[in-house]
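A short write-up of the structure that comes next.
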Amino acid sequence: PPLDEILNLHDFEAIARQVMPEKAWAYYSSAADDEITNRENHAAYHRIWFRPQVLVDVTKVDWSTTILGHKSSMPLYITATALGKLGHPDGELNLTRAAAKHGVIQMIPTLASCSLDEIIDAAQPGQVQFLQLYVNKDRNITKRIVQHAEKRGIKGLFITVDAPQLGRREKDMRMKFTADDPSEVTKSGDKVDRSQGAARAISSFIDPGLQWSDLDWFKSITKMPLILKGVQRWEDALKAYDLGMAGVVLSNHGGRQLDFARSGIEVLAEVVSKLGEKRGLKFPNEKFQLFVDGGVRRATDVLKAVALGATAVGVGRPFLYAFSSYGTEGVEKALQILHDEFEMNMRLLGARSIKDIGPDMVDASNISSH
Ligand code: FNR
């Protein structure tokens, strides 16, 4: 169907399922084991309800914000998802171009199909990009990537901490990852096991030995703000804060790692409450920022996370489905849909700016029992 018949982010998924090569669909859509966490990620948002305020002048509303000190037109960013070329020949560049047009930030994955330099070169002057990092067993390789990224102007380093081993994504494992799959990673000549899907083929370099005591080393090699991606309990968020991280992403990797991990929004409520209690922190704040991802499909989902204290949320699969079906224009359309949803929902909430979206805007009694 033509793009103008697309009304929401779910529509992209339905179309992608029909038009994408089976192997790409399997890699993008799959999640771990019985995919319970993947379902819960979205369902958890259904347990939060709004408490809109009325009779506020909402002629003008503004939902822009700052993420790690950088302007963003919306409180969301494009999160890192590997292997963009499985879905479209331009891969991650579709995301870069659409992000530029809409003033949102793109997080570039370590395992992008395009090279880091290609993705940086495709950005507009001043366009902000972050880097997601899988830490290599060979720390020299990691150091080179990090320092190169910093030199090229990357503004934040998101170290993935929920993937010491890749989860079992059985839909993906049933597909063989062949040598002609378009990926920089597999072109590098590394010996990879191609018999069990894309994820397994590309991830064997990740260091399962990574631990808290390694974080000082990252501070010694870069001045970029460090954020841990994949924190799932308040104790770890507290450690990250105490160790001087700039923030954490409360995420279960789109349900692709540990099945029965809780949704990010559920963990957010816990973290806000416990870090308030233990360290007197109020969220959102500039010093230690909370991000959430997983299952976000509507501006209302984003606004719920913001109300509970998130600075911004990450969106993954919808943009993959958008470019797999329509290229860059698809991603632009997805961002335009979110833009329009924000405008309407800010008005209906009686919120003139993101500062007005606080805990009083939601009834989260079905979620935050901590
Ligand atoms: C991911 N995600 C991910 N995360 C990461 O840290 N490094 C990576 O290489 C990838 N790759 C990746 C590929 C694909 C196809 C998906 C769907 C996801 C996880 C991603 O950053 C994020 O946590 C989830 O995608 C968020 O959930 P939604 O928005 O996809 O539901």
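In the structure tokens, chains take the letters A, B, ... in the order shown, each chain's residues start at 1, and ligands count up from 1 in the order shown.
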
Backbone DSSP call of alpha helix (DSSP H) for region 7-248 of chain A, listed as an MDAnalysis selection string: chainID A and resid 9:19 22:29 36:43 93:102 116:121 139:151 170:173 184:187 197:202 215:221 234:242

At most 8 Å from ligand 1 (only C-alpha atoms and all ligand atoms): residue list as a VMD selection string: chain A and resid 27 to 31 38 41 to 42 79 to 83 109 to 112 132 to 134 158 to 163 229 to 230 251 to 256 293 to 297 314 to 318 320

Go ahead and write the selection's residues with C-alpha atoms as a short mmCIF file (atom, residue, chain, number, x, y, z; two decimals), in the first residue's frame.
data_model
loop_
_atom_site.label_atom_id
_atom_site.label_comp_id
_atom_site.auth_asym_id
_atom_site.auth_seq_id
_atom_site.Cartn_x
_atom_site.Cartn_y
_atom_site.Cartn_z
CA TYR A 27 16.10 -11.80 12.37
CA TYR A 28 14.25 -8.52 12.99
CA SER A 29 11.08 -9.88 14.53
CA SER A 30 12.43 -12.73 16.59
CA ALA A 31 12.82 -12.71 20.35
CA ASN A 38 8.77 -9.38 23.88
CA ASN A 41 7.26 -5.10 26.63
CA HIS A 42 4.32 -3.64 24.79
CA THR A 79 17.99 2.71 19.15
CA ALA A 80 20.72 0.42 17.87
CA THR A 81 19.58 -2.53 15.78
CA ALA A 82 22.14 -4.65 13.91
CA LEU A 83 22.24 -5.67 10.25
CA PRO A 109 25.08 -0.30 16.44
CA THR A 110 28.51 -1.94 16.62
CA LEU A 111 27.10 -4.56 14.25
CA ALA A 112 25.73 -2.17 11.65
CA GLN A 132 26.18 1.26 20.90
CA LEU A 133 29.15 -0.84 21.93
CA TYR A 134 29.58 -4.58 22.13
CA PHE A 158 26.02 2.99 25.13
CA ILE A 159 27.71 -0.16 26.41
CA THR A 160 25.44 -3.16 26.02
CA VAL A 161 25.47 -5.19 29.23
CA ASP A 162 22.62 -7.63 28.72
CA ALA A 163 24.25 -9.83 26.11
CA LYS A 229 22.32 -0.42 28.00
CA GLY A 230 20.35 -3.34 29.35
CA SER A 251 15.96 -2.56 28.55
CA ASN A 252 15.70 -6.27 27.90
CA HIS A 253 17.03 -5.95 24.34
CA GLY A 254 13.59 -6.08 22.77
CA GLY A 255 12.89 -9.41 24.47
CA ARG A 256 15.75 -11.00 22.57
CA ASP A 293 13.24 0.78 25.40
CA GLY A 294 11.16 -2.15 24.25
CA GLY A 295 7.64 -2.25 22.83
CA VAL A 296 7.23 1.50 22.36
CA ARG A 297 4.82 1.98 19.45
CA GLY A 314 14.42 4.09 22.38
CA VAL A 315 12.43 2.71 19.46
CA GLY A 316 13.81 -0.21 17.48
CA ARG A 317 11.80 -2.55 15.29
CA PRO A 318 9.23 -0.08 13.91
CA LEU A 320 13.45 -1.39 10.72
#

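Residues surrounding region 354-368 of chain A within 6 Å are Arg47, Ile48, Trp49, Phe50, Arg51, Pro52, Trp63, Ala269, Ala307, Leu308, Ala351 and His370 of chain A [only C-alpha atoms; sequence separation below 2 positions excluded].
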
Residues flagged strand (DSSP E or B) by DSSP in region 91-221 of chain A, as a list in words: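 Strand (DSSP E or B) members of region 91-221 of chain A, listed: Ile105, Gln106, Met107, Ile108, Gln129, Phe130, Leu131, Gln132, Leu133, Asn136, Leu157, Phe158, Ile159, Thr160 and Ile206 of chain A.
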
Grab the residues selected above and save them as a tab-separated table (two decimals), in the first residue's frame with N, CA and C atoms.
chain	number	residue	atom	x	y	z
A	105	ILE	N	17.89	11.72	17.47
A	105	ILE	CA	19.23	11.15	17.58
A	105	ILE	C	19.20	9.67	17.21
A	106	GLN	N	20.24	9.26	16.48
A	106	GLN	CA	20.38	7.86	16.07
A	106	GLN	C	21.49	7.22	16.90
A	107	MET	N	21.22	6.05	17.45
A	107	MET	CA	22.26	5.26	18.10
A	107	MET	C	22.76	4.23	17.09
A	108	ILE	N	24.03	4.31	16.77
A	108	ILE	CA	24.60	3.43	15.74
A	108	ILE	C	25.05	2.12	16.40
A	129	GLN	N	24.83	11.82	16.93
A	129	GLN	CA	24.75	10.36	16.88
A	129	GLN	C	25.42	9.76	18.11
A	130	PHE	N	24.87	8.67	18.60
A	130	PHE	CA	25.48	7.90	19.68
A	130	PHE	C	26.01	6.59	19.10
A	131	LEU	N	26.85	5.90	19.88
A	131	LEU	CA	27.33	4.58	19.46
A	131	LEU	C	26.97	3.54	20.50
A	132	GLN	N	26.39	2.43	20.03
A	132	GLN	CA	26.18	1.26	20.90
A	132	GLN	C	27.41	0.39	20.78
A	133	LEU	N	27.91	-0.08	21.93
A	133	LEU	CA	29.15	-0.84	21.93
A	133	LEU	C	28.97	-2.26	22.45
A	136	ASN	N	34.57	-6.18	22.81
A	136	ASN	CA	35.32	-7.29	22.23
A	136	ASN	C	36.24	-7.92	23.28
A	157	LEU	N	28.37	6.95	24.50
A	157	LEU	CA	28.72	5.54	24.30
A	157	LEU	C	27.79	4.67	25.14
A	158	PHE	N	26.98	3.87	24.47
A	158	PHE	CA	26.02	2.99	25.13
A	158	PHE	C	26.59	1.57	25.14
A	159	ILE	N	27.08	1.16	26.30
A	159	ILE	CA	27.71	-0.16	26.41
A	159	ILE	C	26.64	-1.20	26.73
A	160	THR	N	26.48	-2.15	25.82
A	160	THR	CA	25.44	-3.16	26.02
A	160	THR	C	25.89	-4.18	27.06
A	206	ILE	N	31.86	-11.15	21.31
A	206	ILE	CA	31.45	-10.40	22.51
A	206	ILE	C	32.01	-11.06	23.77

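For the residues A:Arg279, A:Lys85, A:Arg262, A:Lys223, ranking by smallest atom-to-atom distance to Leu238 (chain A) using only C-alpha atoms places A:Arg279 first.
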
Phe218 (chain A) surroundings by only C-alpha atoms, 10 Å radius, close-in-sequence under 2 positions cut, as a count of residues only: 15

Phe291 (chain A) environment, 8 Å, only C-alpha atoms, sequence neighbours closer than 6 positions dropped, as a list of chain:residue names: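 Neighbouring residues, sequence-local ones excluded: A:Gly247, A:Val248, A:Val249, A:Leu250, A:Ala310, A:Thr311, A:Ala312, A:Val313, A:Gly314.
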
Write the selection just made, keeping C-alpha atoms, as a PDB file, in the first residue's frame?
ATOM      1  CA  GLY A 247      22.837   7.027  32.688  1.00  0.00           C
ATOM      2  CA  VAL A 248      21.314   3.622  32.068  1.00  0.00           C
ATOM      3  CA  VAL A 249      18.939   2.167  29.509  1.00  0.00           C
ATOM      4  CA  LEU A 250      16.354   0.014  31.250  1.00  0.00           C
ATOM      5  CA  ALA A 310      12.615   8.710  31.767  1.00  0.00           C
ATOM      6  CA  THR A 311      14.536  11.338  29.818  1.00  0.00           C
ATOM      7  CA  ALA A 312      13.761   9.573  26.554  1.00  0.00           C
ATOM      8  CA  VAL A 313      12.871   6.183  25.128  1.00  0.00           C
ATOM      9  CA  GLY A 314      14.417   4.086  22.376  1.00  0.00           C
TER      10      GLY A 314
END

Interatomic distance, CA of Lys239 (chain A) to CA of Val292 (chain A) (Å, one decimal):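 So the two atoms, CA of Lys239 (chain A) and CA of Val292 (chain A), lie 17.5 Å apart.
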
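Our summary of the geometry notes that CA of Gly330 (chain A) is positioned 15.4 Å from CA of Gln18 (chain A).
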
Shell of 10 Å around Val19 (chain A), only C-alpha atoms, local chain residues under 2 positions omitted, as a ChimeraX atom specification: /A:14-17,21-22,25,87,321,324-325

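Closest approach to Ala98 (chain A) among A:Gly350, A:Gly156, A:Gly244, A:Gly327 is made by A:Gly327 (distances from only C-alpha atoms).
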
Selection near Leu55 (chain A), 12 Å with only C-alpha atoms, sequence-local residues under 4 positions removed, as a list in words: Thr59, Arg347, Leu348, Leu349, Gly350, Ala351 and Arg352 of chain A

Counting only C-alpha atoms, the residue of A:Arg174, A:His88, A:Lys304, A:Lys287 that sits nearest Cys114 (chain A): A:His88

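The coordinates place CA of Arg298 (chain A) at 17.4 Å from CA of Thr65 (chain A).
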
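Using only C-alpha atoms for every distance, the candidate list A:Gln289, A:Ser115, A:Ser263, A:Gln211 yields A:Gln289 as the residue closest to Ala237 (chain A).
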
Of the listed residues A:Met344, A:Leu258, A:Leu338, A:Met20, that which approaches Val104 (chain A) most closely, counting only C-alpha atoms: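 Once distances to Val104 (chain A) are computed over only C-alpha atoms, the minimum belongs to A:Leu338.
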